[in-house]
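Here is the file upload.txt (compact mmCIF, C-alpha atoms).
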# COMPACT_ATOMS: atom_id res chain seq x y z
CA MET J 1 81.72 126.65 67.42
CA SER J 2 84.93 124.83 67.14
CA THR J 3 86.58 123.53 70.21
CA GLN J 4 90.32 123.09 70.44
CA MET J 5 91.52 119.93 72.03
CA HIS J 6 94.51 120.43 74.28
CA GLN J 7 96.71 117.45 74.91
CA ILE J 8 97.70 117.12 78.53
CA LYS J 9 101.04 115.51 79.12
CA LYS J 10 100.91 112.99 81.89
CA MET J 11 103.77 112.51 84.30
CA PRO J 12 105.52 109.18 83.83
CA ARG J 13 104.51 106.55 86.32
CA PRO J 14 107.14 105.56 88.87
CA ALA J 15 108.74 102.26 88.12
CA GLU J 16 107.06 99.38 89.84
CA GLY J 17 108.52 96.28 91.33
CA PHE J 18 111.87 95.54 92.90
CA PHE J 19 113.98 96.33 89.83
CA GLY J 20 112.08 99.55 89.21
CA LYS J 21 112.78 100.79 92.72
CA LEU J 22 116.39 99.69 92.39
CA ALA J 23 116.77 101.72 89.18
CA GLU J 24 115.27 104.81 90.82
CA THR J 25 117.62 104.44 93.78
CA ALA J 26 120.65 104.06 91.51
CA LYS J 27 119.62 107.15 89.54
CA GLY J 28 119.32 109.18 92.73
CA LEU J 29 122.70 107.97 94.02
CA TRP J 30 124.37 108.90 90.72
CA SER J 31 122.89 112.40 90.89
CA LEU J 32 124.23 112.72 94.45
CA ILE J 33 127.72 111.59 93.36
CA VAL J 34 127.81 114.12 90.50
CA GLY J 35 126.78 116.94 92.85
CA LEU J 36 129.36 115.98 95.46
CA GLY J 37 132.01 115.79 92.74
CA VAL J 38 131.35 119.40 91.70
CA THR J 39 131.37 120.53 95.32
CA GLY J 40 134.61 118.67 96.06
CA ARG J 41 136.35 120.04 92.98
CA VAL J 42 135.52 123.63 93.88
CA PHE J 43 136.32 123.03 97.56
CA THR J 44 139.84 121.81 96.79
CA GLN J 45 140.68 124.73 94.49
CA LYS J 46 142.90 127.48 95.82
CA GLN J 47 140.76 130.27 97.24
CA GLU J 48 141.99 133.83 96.89
CA THR J 49 140.78 135.99 99.74
CA VAL J 50 142.26 139.43 100.32
CA HIS J 51 141.92 142.05 103.02
CA TYR J 52 140.70 145.04 101.05
CA PRO J 53 141.87 147.84 100.84
CA ARG J 54 145.30 146.68 102.00
CA LYS J 55 145.38 144.15 99.15
CA THR J 56 143.55 143.77 95.86
CA VAL J 57 142.55 140.76 93.79
CA SER J 58 144.87 139.96 90.90
CA GLU J 59 143.68 140.39 87.30
CA PRO J 60 143.58 136.64 86.48
CA ALA J 61 141.34 136.03 89.50
CA LEU J 62 138.76 138.44 88.04
CA THR J 63 138.26 136.29 84.93
CA GLY J 64 134.53 136.01 84.35
CA TYR J 65 133.71 138.98 86.57
CA ARG J 66 131.20 141.34 84.98
CA GLY J 67 131.45 144.93 86.14
CA HIS J 68 129.74 147.89 84.53
CA ILE J 69 130.05 148.21 80.75
CA GLU J 70 132.84 150.20 79.15
CA LEU J 71 133.74 151.36 75.65
CA VAL J 72 136.25 149.47 73.51
CA HIS J 73 138.68 151.65 71.56
CA LYS J 74 139.85 151.17 68.00
CA ASP J 75 142.97 149.07 67.47
CA ASP J 76 144.93 151.95 65.94
CA ASP J 77 143.63 154.75 68.19
CA PRO J 78 143.13 154.27 71.97
CA THR J 79 141.20 157.56 72.26
CA THR J 80 138.56 156.75 69.64
CA PRO J 81 135.81 154.20 70.39
CA ARG J 82 134.61 151.59 67.94
CA CYS J 83 131.05 152.86 68.44
CA ILE J 84 129.22 153.55 65.15
CA MET J 85 126.30 155.29 66.89
CA CYS J 86 123.68 152.86 65.59
CA MET J 87 121.73 153.33 68.88
CA LYS J 88 120.98 149.60 69.18
CA CYS J 89 122.32 149.50 72.75
CA VAL J 90 120.00 152.36 73.74
CA LYS J 91 116.97 150.66 72.19
CA VAL J 92 117.64 147.19 73.61
CA CYS J 93 118.41 148.32 77.18
CA PRO J 94 115.43 147.33 79.39
CA SER J 95 116.47 149.77 82.13
CA GLY J 96 117.00 152.81 79.91
CA CYS J 97 120.36 153.51 81.53
CA ILE J 98 122.33 154.40 78.35
CA SER J 99 122.26 157.77 76.61
CA ILE J 100 124.33 158.75 73.57
CA LYS J 101 125.05 162.10 71.90
CA SER J 102 126.90 162.72 68.66
CA LYS J 103 127.63 165.51 66.20
CA LYS J 104 127.99 165.59 62.45
CA ILE J 105 131.36 166.35 60.92
CA GLU J 106 131.42 168.01 57.54
CA HIS J 107 133.53 166.29 54.93
CA ILE J 108 136.21 168.75 53.76
CA GLU J 109 137.55 168.64 50.23
CA HIS J 110 140.70 170.50 49.24
CA LYS J 111 140.78 171.86 45.72
CA ASP J 112 144.00 171.65 43.76
CA LYS J 113 146.13 174.73 43.25
CA GLU J 114 144.80 176.78 40.38
CA GLN J 115 145.91 179.94 38.66
CA ASP J 116 143.38 182.75 38.71
CA PRO J 117 143.74 184.87 35.55
CA ASN J 118 142.08 187.80 37.33
CA THR J 119 144.80 187.90 40.01
CA HIS J 120 147.94 189.71 38.88
CA HIS J 121 151.30 190.25 40.46
CA SER J 122 154.27 192.28 39.49
CA ASN J 123 155.90 189.17 38.11
CA GLY J 124 152.76 187.83 36.48
CA LEU J 125 150.08 185.44 37.72
CA THR J 126 149.77 184.48 41.40
CA VAL J 127 148.99 180.88 42.39
CA LEU J 128 146.12 180.78 44.86
CA PRO J 129 146.41 178.46 47.91
CA LYS J 130 144.31 175.33 48.32
CA GLN J 131 140.77 176.03 49.42
CA ALA J 132 138.87 173.88 51.93
CA VAL J 133 135.30 173.49 50.75
CA PRO J 134 132.62 171.42 52.56
CA SER J 135 131.24 168.77 50.26
CA PRO J 136 127.42 168.64 50.34
CA GLY J 137 125.79 165.35 51.20
CA LYS J 138 128.94 163.83 52.63
CA GLY J 139 130.03 163.55 56.25
CA LYS J 140 130.21 161.33 59.29
CA ARG J 141 129.20 161.47 62.92
CA GLU J 142 131.45 161.74 65.96
CA LEU J 143 130.55 160.42 69.40
CA THR J 144 130.51 163.23 71.95
CA LEU J 145 128.84 161.59 74.97
CA PHE J 146 128.21 158.01 76.11
CA LYS J 147 126.57 158.12 79.52
CA LEU J 148 125.74 155.16 81.75
CA ASP J 149 123.47 155.46 84.77
CA TYR J 150 124.83 152.51 86.72
CA SER J 151 122.19 152.91 89.42
CA LEU J 152 119.64 151.59 86.88
CA CYS J 153 121.80 148.99 85.12
CA SER J 154 120.85 145.35 85.72
CA LEU J 155 124.02 143.92 84.05
CA CYS J 156 121.89 141.93 81.63
CA SER J 157 124.57 142.15 78.86
CA LEU J 158 122.00 142.82 76.13
CA CYS J 159 123.87 145.93 75.00
CA VAL J 160 127.17 144.02 74.80
CA GLU J 161 125.60 141.18 72.82
CA THR J 162 123.65 143.47 70.48
CA CYS J 163 126.47 145.86 69.51
CA PRO J 164 127.44 145.12 65.87
CA ALA J 165 130.80 146.90 66.20
CA ARG J 166 131.85 145.04 69.39
CA SER J 167 132.40 148.42 71.03
CA LEU J 168 131.08 147.42 74.47
CA ARG J 169 132.36 145.00 77.09
CA HIS J 170 132.12 144.42 80.83
CA SER J 171 134.81 146.10 82.89
CA LYS J 172 136.83 144.65 85.75
CA HIS J 173 135.96 147.66 87.94
CA VAL J 174 135.25 145.83 91.19
CA TYR J 175 136.50 148.20 93.91
CA TRP J 176 133.73 150.77 93.81
CA SER J 177 131.31 152.00 96.45
CA GLU J 178 129.38 155.25 96.80
CA PHE J 179 126.91 156.76 99.24
CA ASP J 180 125.17 158.85 96.57
CA LYS J 181 123.70 157.24 93.44
CA ASP J 182 124.46 160.38 91.43
CA ASN J 183 128.15 159.49 91.74
CA ILE J 184 127.72 156.26 89.78
CA THR J 185 126.63 157.96 86.57
CA LEU J 186 129.57 157.56 84.22
CA ASP J 187 130.71 159.24 81.02
CA LEU J 188 132.23 156.16 79.37
CA LEU J 189 133.84 158.15 76.56
CA ASP J 190 135.73 160.34 79.02
CA ARG J 191 136.64 157.25 81.09
CA MET J 192 138.10 155.48 78.03
CA ARG J 193 140.23 158.50 77.10
CA LYS J 194 141.51 158.88 80.68
CA GLN J 195 142.52 155.21 80.69
CA ALA J 196 144.39 155.73 77.41
CA GLY J 197 146.21 158.72 78.91
CA ALA J 198 147.11 156.74 82.05
CA LYS J 199 148.63 153.96 79.92
CA GLU J 200 150.72 156.46 77.98
CA ASP J 201 152.04 158.04 81.19
CA SER J 202 152.95 154.70 82.76

If you took the structure in this file and wrote it as structure tokens, what would it be?
Amino acid sequence: MSTQMHQIKKMPRPAEGFFGKLAETAKGLWSLIVGLGVTGRVFTQKQETVHYPRKTVSEPALTGYRGHIELVHKDDDPTTPRCIMCMKCVKVCPSGCISIKSKKIEHIEHKDKEQDPNTHHSNGLTVLPKQAVPSPGKGKRELTLFKLDYSLCSLCSLCVETCPARSLRHSKHVYWSEFDKDNITLDLLDRMRKQAGAKEDS
């Protein structure tokens, strides 16, 4: 039988003597100064406190805030998400709070105008209109539902970091409270389209 030798790392011995103790004291004082410096810098910054709901926090003050995730729309179409339905966000989510549905769209090809020799008219041949014919083997998928159960979400950001199309981000939705957890299940696709409509109306 072979035995594996495990190396045990020993803690470094405290410095001995007068200079050793002096070095340890100086190191501790420097750590204290750095900590007090961070505390003092934050303490002297302007604090923004509001009396909600009479007032709300400004958008710049929410920088770094991570609310629930939301869909990111395409640059040229605010009603269409960037989502490519790869399902990576669903697979990586540890809470299982994301569900996606999609449908396949048939690719339509339009044939050019042709003259049918079997179709006659009083003045001769009749030109048939263009015909729309589904092309076999071709097509794409359209996102129909992107649901988030926020009562299960742990805001771990794995879905945002994993998405190859950069179609997810954290929202700035901070003013939100409910008594029933069923009310915090969101259809993010519908939410994105409503936000696009609100921007157009404003």

Enclose all atoms of segment 194-198 of chain J listed in the file in an axis-aligned box, grow every side by 6 Å, and hand back centre and edge lengths in Å to one decimal, as AutoDock Vina command-line options.
--center_x 144.3 --center_y 157.0 --center_z 79.7 --size_x 17.6 --size_y 15.7 --size_z 16.6

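Between atom CA of Thr185 of chain J and atom CA of Ile69 of chain J there is a distance of 11.9 Å.
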
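Comparing J:Pro60, J:Gly35, J:Pro81, J:Pro164 by their smallest distance to Thr144 of chain J, the closest is J:Pro81 (using all atoms listed in the file).
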
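Pairwise distance (atom CA of Glu59 of chain J, atom CA of Lys147 of chain J) equals 25.8 Å.
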
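You will find atom CA of Trp30 of chain J at 20.3 Å from atom CA of Gly17 of chain J.
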
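For Arg66 of chain J, the non-local neighbours within 12 Å, defined as residues at least 3 positions apart in the same chain or in other chains and counting all atoms listed in the file, are Leu62, Thr63, Ile69, Glu70, Ser154, Leu155, Cys156, Ser157, Val160, Arg169, His170, Ser171, Lys172, His173 and Val174 of chain J.
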
Tell me which protein, DNA and RNA residues are within 12 Å of Leu186 of chain J, counting all atoms listed in the file, leaving out same-chain ones fewer than 4 positions away, and put them as JSON, numbers by chain. {"J": [68, 69, 70, 71, 97, 98, 99, 100, 145, 146, 147, 148, 149, 150, 151, 152, 153, 181, 182, 190, 191, 192]}

With all atoms listed in the file as the basis for distance, which of J:Cys83, J:Cys93, J:Leu143, J:Val50 is at the shortest distance from Ala165 of chain J? J:Cys83

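Those DNA, RNA and protein residues that approach the point (142.1, 131.3, 96.1) to within 12 Å, considering only C-alpha atoms, are Val42, Phe43, Thr44, Gln45, Lys46, Gln47, Glu48, Thr49, Val50, Val57, Ser58, Pro60, Ala61 and Leu62 of chain J.
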
Among J:Pro53, J:Lys101, J:Glu16, J:Gly64, Cys86 of chain J is approached most closely, using all atoms listed in the file, by J:Lys101

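Each of J:Ser167, J:Lys194, J:Tyr175, J:Phe18 was compared to Tyr52 of chain J using all atoms listed in the file, and J:Tyr175 turns out to be the nearest.
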
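Using only C-alpha atoms, the shortest contact distance between Leu158 of chain J and any of J:Ile105, J:Lys91, J:Ala196, J:Gly28 is found at J:Lys91.
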